[in-house]
Amino acid sequence: MTNKMKKEAKVLSQKLLADGIFDLWLETEIAKDTCPGQFVGVYTVNKAALLPRPISVCEVNKEKTAIRLVYRVVGTGTAEFALYQPGDYMMILGPLGNGFPLEKAEGKKVVLMGGGIGVPPLLETVKRLGEGTNKKALEVMTVMGYRNSETFLSDEFEKYSRLYIASDDGSVGTKGNVIDALKEKKIDCDVIFACGPMPMLRGIKAYAQENGIKAYLSLEERMACGVGACLGCICKTKKVDDHSHVKNARICTDGPVFDADDLDM
C-alpha cells in the first residue's frame with residue numbers, strides 16, 4: 001500500500017484542444033516529484049464515485065510547481081473535470097506508478113510512439129530526452145497516431161523532435177497506424193518508448209523484437225485504486241510477481257511502464 005495522500009490542486013487554466021480533448025494545468029506540490037510517464041488519480045466531487053480517475057501527466061513546468069493533464073472526456077467523471085475553471089480546486093493523488101527509464105536512451109537513437117490519448121504522456125518524456133544541456137538521447141524522433149486531422153500537441157512535439165504523423169483516415173501524414181508510419185519513413189532507432197491502446201502496443205512489441213530494438217511500453221488500462229491494493233489492473237508477465245505469486249503485474253504500481261520483453265502480450 002502507498003503512503004501517498006490526497007492533495008489539493010489549484011486549476012490554473014483549462015481549454016479544449018480537440019473534440020472531447022481537454023488541456024488542464026494544475027498548481028500542485030506533486031509536480032516536484034513527477035517523472036515522465038507517471039500519472040495522478042483525480043477525484044470527482046460526486047461522492048458516489050469513490051475511486052479517482054487515472055490521468056497521465058503530460059507536462060511539468062520548469063519550476064516544478066504545476067502539472068499539465070491532457071485528457072479525453074469518456075464518462076461522468078471526466079465530464080465533471082471539463083467544467084472546472086481557473087481558481088477552482090481539485091483533489092488529486094500522486095504521482096503514481098513508474099516512469100519511462102530515460103537513462104536507457106543515453107547516447108542512442110530513440111523513437112517515441114503514441115496513439116490517441118497515449119500521446120500526451122510522451123510530451124514531458126521528449127522534453128527531458130532532448131532539451132538543453134541535460135539531454136540524454138543522441139537523436140529523438142516521435143511518431144504520433146491520430147484519428148483524423150485533429151493532431152493535438154503535434155506542434156509541441158515538433159519543438160523537441162523530428163515528428164512523423166499517422167492518421168486513421170489518411171487526412172494527415174501516413175494513412176494507417178504508427179507502425180505503418182515507422183515502416184513508410186524507414187525510421188531507424190535503438191530504443192522505443194510507447195504509450196497507447198493495447199493493440200498498438202502489441203504491434204510495437206512484435207516490431208521491436210523482429211528488428212532487435214529495445215522497447216518500453218506504457219500500458220493504458222482501467223485502474224481502480226491506483227495504488228496496487230485491489231488487483232483490478234493486472235497484466236500478464238513472464239516473471240512471477242512477489243505480491244500475487246503468479247505471472248501477473250499491477251499496472252498502477254509495477255507500471256504503467258514495462259520492459260516489453262517482460263510482458264506476455
# chains A, B, ... in the order shown; residues from 1 in each chain; ligands from 1
call {"tool": "residues_around", "arguments": {"residues": "region 259-263 of chain A", "least_positions_apart": "2", "cutoff": "6 Å", "atoms": "only C-alpha atoms", "output": "PDB file with N, CA, C and O atoms, in the first residue's frame"}}
result
ATOM      1  N   ALA A 215      12.309  -1.984 -26.373  1.00  0.00           N
ATOM      2  CA  ALA A 215      11.060  -1.222 -26.263  1.00  0.00           C
ATOM      3  C   ALA A 215      10.569  -1.178 -24.822  1.00  0.00           C
ATOM      4  O   ALA A 215      10.630  -2.182 -24.099  1.00  0.00           O
ATOM      5  N   TYR A 216      10.064  -0.011 -24.443  1.00  0.00           N
ATOM      6  CA  TYR A 216       9.449   0.189 -23.132  1.00  0.00           C
ATOM      7  C   TYR A 216       8.041   0.719 -23.369  1.00  0.00           C
ATOM      8  O   TYR A 216       7.855   1.741 -24.040  1.00  0.00           O
ATOM      9  N   THR A 237       2.658 -11.237 -17.281  1.00  0.00           N
ATOM     10  CA  THR A 237       4.092 -11.055 -17.448  1.00  0.00           C
ATOM     11  C   THR A 237       4.791 -12.407 -17.525  1.00  0.00           C
ATOM     12  O   THR A 237       4.176 -13.453 -17.320  1.00  0.00           O
ATOM     13  N   LYS A 238       6.081 -12.360 -17.802  1.00  0.00           N
ATOM     14  CA  LYS A 238       6.862 -13.597 -17.880  1.00  0.00           C
ATOM     15  C   LYS A 238       7.532 -13.926 -16.553  1.00  0.00           C
ATOM     16  O   LYS A 238       8.120 -14.991 -16.400  1.00  0.00           O
ATOM     17  N   MET A 265       2.099 -10.612 -24.003  1.00  0.00           N
ATOM     18  CA  MET A 265       1.002  -9.897 -24.673  1.00  0.00           C
ATOM     19  C   MET A 265       0.458 -10.698 -25.852  1.00  0.00           C
ATOM     20  O   MET A 265       1.181 -11.387 -26.528  1.00  0.00           O
TER      21      MET A 265
END
call {"tool": "residues_around", "arguments": {"residues": "Glu8 (chain A)", "least_positions_apart": "4", "cutoff": "7 Å", "atoms": "only C-alpha atoms", "output": "VMD selection string"}}
result
chain A and resid 89 to 92
call {"tool": "write_last_selection", "arguments": {"atoms": "C-alpha atoms", "output": "PDB file, in the first residue's frame"}}
result
ATOM      1  CA  TYR A  89      -9.646  23.328  -6.640  1.00  0.00           C
ATOM      2  CA  MET A  90      -9.456  19.579  -7.289  1.00  0.00           C
ATOM      3  CA  MET A  91      -8.252  16.698  -5.129  1.00  0.00           C
ATOM      4  CA  ILE A  92      -5.537  14.545  -6.638  1.00  0.00           C
TER       5      ILE A  92
END
call {"tool": "select_by_dssp", "arguments": {"residues": "region 9-202 of chain A", "states": "strand (DSSP E)", "output": "PyMOL selection string"}}
result
chain A and resi 9-18+21-27+39-42+53-56+59-60+66-72+89-96+109-115+139-146+162-167+174-175+191-196
call {"tool": "closest_residue", "arguments": {"among": "A:Leu16, A:Cys35, A:Leu51, A:Ala166", "to": "Val70 (chain A)", "atoms": "only C-alpha atoms"}}
result
A:Leu16
call {"tool": "closest_residue", "arguments": {"among": "A:Gly176, A:Gly130, A:Pro36, A:Pro199", "to": "Lys159 (chain A)", "atoms": "only C-alpha atoms"}}
result
A:Gly130
call {"tool": "residues_around", "arguments": {"residues": "region 179-195 of chain A", "least_positions_apart": "2", "cutoff": "6 Å", "atoms": "only C-alpha atoms", "output": "list of chain:residue names"}}
result
A:Lys109, A:Val110, A:Val111, A:Leu112, A:Met113, A:Gly114, A:Gly118, A:Ala166, A:Thr174, A:Gly176, A:Asn177, A:Ile213, A:Lys214, A:Ala215, A:Tyr216, A:Leu217, A:Ser218
call {"tool": "write_last_selection", "arguments": {"atoms": "C-alpha atoms", "output": "PDB file, in the first residue's frame"}}
result
ATOM      1  CA  LYS A 109      18.563   6.924 -31.299  1.00  0.00           C
ATOM      2  CA  VAL A 110      15.135   6.975 -29.673  1.00  0.00           C
ATOM      3  CA  VAL A 111      11.639   6.888 -31.127  1.00  0.00           C
ATOM      4  CA  LEU A 112       8.614   7.859 -29.046  1.00  0.00           C
ATOM      5  CA  MET A 113       5.357   6.362 -30.322  1.00  0.00           C
ATOM      6  CA  GLY A 114       1.925   7.448 -29.102  1.00  0.00           C
ATOM      7  CA  GLY A 118      -1.432   7.833 -25.297  1.00  0.00           C
ATOM      8  CA  ALA A 166      -0.145   8.684 -38.853  1.00  0.00           C
ATOM      9  CA  THR A 174       0.714   8.300 -43.242  1.00  0.00           C
ATOM     10  CA  GLY A 176      -2.775   3.892 -41.000  1.00  0.00           C
ATOM     11  CA  ASN A 177      -1.137   3.443 -37.618  1.00  0.00           C
ATOM     12  CA  ILE A 213      15.038  -2.840 -30.855  1.00  0.00           C
ATOM     13  CA  LYS A 214      14.612  -2.364 -27.115  1.00  0.00           C
ATOM     14  CA  ALA A 215      11.060  -1.222 -26.263  1.00  0.00           C
ATOM     15  CA  TYR A 216       9.449   0.189 -23.132  1.00  0.00           C
ATOM     16  CA  LEU A 217       5.654   0.281 -23.137  1.00  0.00           C
ATOM     17  CA  SER A 218       3.238   2.314 -21.019  1.00  0.00           C
TER      18      SER A 218
END
call {"tool": "closest_atom_pairs", "arguments": {"of": "region 39-119 of chain A", "to": "region 18-25 of chain A", "cutoff": "6 Å", "atoms": "only C-alpha atoms", "output": "JSON lines"}}
result
{"residue": "A:Ile67", "atom": "CA", "partner": "A:Trp25", "partner_atom": "CA", "distance": 5.8}
{"residue": "A:Arg68", "atom": "CA", "partner": "A:Trp25", "partner_atom": "CA", "distance": 4.4}
{"residue": "A:Leu69", "atom": "CA", "partner": "A:Leu24", "partner_atom": "CA", "distance": 5.1}
{"residue": "A:Val70", "atom": "CA", "partner": "A:Asp23", "partner_atom": "CA", "distance": 4.6}
{"residue": "A:Tyr71", "atom": "CA", "partner": "A:Phe22", "partner_atom": "CA", "distance": 5.5}
{"residue": "A:Arg72", "atom": "CA", "partner": "A:Ile21", "partner_atom": "CA", "distance": 4.5}
{"residue": "A:Val73", "atom": "CA", "partner": "A:Gly20", "partner_atom": "CA", "distance": 5.5}
call {"tool": "residues_around", "arguments": {"residues": "region 74-82 of chain A", "least_positions_apart": "4", "cutoff": "8 Å", "atoms": "only C-alpha atoms", "output": "compact mmCIF listing (two decimals) with C-alpha atoms, in the first residue's frame"}}
result
# COMPACT_ATOMS: atom_id res chain seq x y z
CA GLN A 14 -8.26 24.77 -18.94
CA PHE A 22 -9.16 18.98 -22.72
CA THR A 44 -14.66 13.76 -8.51
CA ALA A 49 -17.75 7.90 -7.34
CA ARG A 53 -9.77 8.72 -12.39
call {"tool": "residues_around", "arguments": {"residues": "Leu129 (chain A)", "least_positions_apart": "3", "cutoff": "9 Å", "atoms": "only C-alpha atoms", "output": "JSON, numbers by chain"}}
result
{"A": [102, 105, 106, 110, 124, 125, 126, 134, 135, 136, 137, 138, 139, 140, 160]}
call {"tool": "write_last_selection", "arguments": {"atoms": "all heavy atoms", "output": "compact mmCIF listing (two decimals), in the first residue's frame"}}
result
# COMPACT_ATOMS: atom_id res chain seq x y z
N LEU A 102 14.55 6.92 -18.73
CA LEU A 102 15.26 7.81 -19.65
C LEU A 102 16.74 7.46 -19.77
O LEU A 102 17.36 7.73 -20.81
CB LEU A 102 15.10 9.26 -19.20
CG LEU A 102 13.65 9.79 -19.04
CD1 LEU A 102 13.69 11.28 -18.76
CD2 LEU A 102 12.81 9.49 -20.27
N ALA A 105 18.03 5.60 -22.78
CA ALA A 105 18.12 6.29 -24.06
C ALA A 105 19.45 7.01 -24.25
O ALA A 105 19.71 7.56 -25.31
CB ALA A 105 16.99 7.31 -24.17
N GLU A 106 20.29 6.98 -23.22
CA GLU A 106 21.50 7.79 -23.27
C GLU A 106 22.41 7.39 -24.42
O GLU A 106 22.79 6.22 -24.57
CB GLU A 106 22.26 7.66 -21.94
CG GLU A 106 23.31 8.72 -21.78
CD GLU A 106 23.57 9.06 -20.31
OE1 GLU A 106 22.85 8.55 -19.43
OE2 GLU A 106 24.49 9.84 -20.08
N VAL A 110 16.37 7.33 -30.37
CA VAL A 110 15.14 6.97 -29.67
C VAL A 110 13.92 7.42 -30.48
O VAL A 110 13.90 8.52 -31.02
CB VAL A 110 15.08 7.64 -28.28
CG1 VAL A 110 13.84 7.20 -27.52
CG2 VAL A 110 16.33 7.32 -27.49
N GLU A 124 6.30 15.30 -21.95
CA GLU A 124 7.33 15.54 -20.94
C GLU A 124 8.53 14.62 -21.19
O GLU A 124 9.69 15.01 -20.94
CB GLU A 124 6.78 15.33 -19.53
CG GLU A 124 7.76 15.65 -18.41
CD GLU A 124 8.14 17.12 -18.32
OE1 GLU A 124 7.41 17.99 -18.86
OE2 GLU A 124 9.18 17.41 -17.71
N THR A 125 8.26 13.43 -21.69
CA THR A 125 9.33 12.48 -21.99
C THR A 125 10.26 13.03 -23.06
O THR A 125 11.49 13.01 -22.91
CB THR A 125 8.74 11.13 -22.46
OG1 THR A 125 7.75 10.69 -21.52
CG2 THR A 125 9.82 10.07 -22.57
N VAL A 126 9.69 13.54 -24.16
CA VAL A 126 10.53 14.06 -25.24
C VAL A 126 11.27 15.32 -24.80
O VAL A 126 12.42 15.55 -25.20
CB VAL A 126 9.69 14.31 -26.52
CG1 VAL A 126 8.83 15.56 -26.41
CG2 VAL A 126 10.60 14.41 -27.75
N ASN A 134 20.95 18.93 -20.48
CA ASN A 134 20.66 17.67 -19.80
C ASN A 134 20.12 16.59 -20.74
O ASN A 134 19.71 15.53 -20.30
CB ASN A 134 19.64 17.90 -18.68
CG ASN A 134 20.22 18.76 -17.57
OD1 ASN A 134 21.38 18.62 -17.23
ND2 ASN A 134 19.41 19.67 -17.05
N LYS A 135 20.10 16.87 -22.04
CA LYS A 135 19.52 15.91 -22.96
C LYS A 135 20.29 14.60 -22.93
O LYS A 135 21.52 14.58 -22.79
CB LYS A 135 19.45 16.47 -24.38
CG LYS A 135 20.78 16.67 -25.08
CD LYS A 135 20.53 17.20 -26.49
CE LYS A 135 21.84 17.33 -27.27
NZ LYS A 135 21.61 17.83 -28.62
N LYS A 136 19.59 13.51 -23.07
CA LYS A 136 20.19 12.19 -22.93
C LYS A 136 20.37 11.48 -24.27
O LYS A 136 21.36 10.81 -24.50
CB LYS A 136 19.33 11.31 -22.01
CG LYS A 136 19.30 11.80 -20.56
CD LYS A 136 18.47 10.87 -19.69
CE LYS A 136 18.47 11.33 -18.24
NZ LYS A 136 19.80 11.25 -17.62
N ALA A 137 19.39 11.59 -25.15
CA ALA A 137 19.40 10.81 -26.38
C ALA A 137 20.29 11.44 -27.44
O ALA A 137 20.42 12.66 -27.54
CB ALA A 137 17.98 10.66 -26.91
N LEU A 138 20.90 10.57 -28.26
CA LEU A 138 21.68 11.04 -29.40
C LEU A 138 20.77 11.69 -30.43
O LEU A 138 21.09 12.74 -31.00
CB LEU A 138 22.42 9.85 -30.02
CG LEU A 138 23.23 10.12 -31.28
CD1 LEU A 138 24.41 11.03 -30.95
CD2 LEU A 138 23.72 8.82 -31.90
N GLU A 139 19.62 11.07 -30.66
CA GLU A 139 18.63 11.60 -31.60
C GLU A 139 17.25 11.19 -31.11
O GLU A 139 17.07 10.07 -30.63
CB GLU A 139 18.88 11.04 -33.01
CG GLU A 139 17.95 11.60 -34.07
CD GLU A 139 18.23 11.06 -35.46
OE1 GLU A 139 19.19 10.26 -35.61
OE2 GLU A 139 17.50 11.43 -36.39
N VAL A 140 16.29 12.10 -31.22
CA VAL A 140 14.93 11.83 -30.77
C VAL A 140 13.95 12.05 -31.91
O VAL A 140 13.94 13.11 -32.53
CB VAL A 140 14.51 12.73 -29.58
CG1 VAL A 140 13.13 12.33 -29.07
CG2 VAL A 140 15.53 12.63 -28.46
N TYR A 160 10.78 19.64 -30.04
CA TYR A 160 11.80 18.83 -29.38
C TYR A 160 12.26 17.62 -30.18
O TYR A 160 13.18 16.93 -29.74
CB TYR A 160 11.26 18.34 -28.02
CG TYR A 160 10.77 19.45 -27.13
CD1 TYR A 160 9.41 19.70 -27.00
CD2 TYR A 160 11.66 20.24 -26.43
CE1 TYR A 160 8.95 20.73 -26.18
CE2 TYR A 160 11.21 21.27 -25.60
CZ TYR A 160 9.86 21.50 -25.49
OH TYR A 160 9.42 22.52 -24.67
call {"tool": "closest_residue", "arguments": {"among": "A:Gly37, A:Gln85, A:Glu29, A:Leu201", "to": "Thr65 (chain A)", "atoms": "only C-alpha atoms"}}
result
A:Glu29
call {"tool": "atom_distance", "arguments": {"atom1": "CA of Lys15 (chain A)", "atom2": "CA of Gly41 (chain A)"}}
result
20.0 Å
call {"tool": "select_by_dssp", "arguments": {"residues": "region 159-196 of chain A", "states": "helix (DSSP H, G or I)", "output": "ChimeraX atom specification"}}
result
/A:159-160,178-184
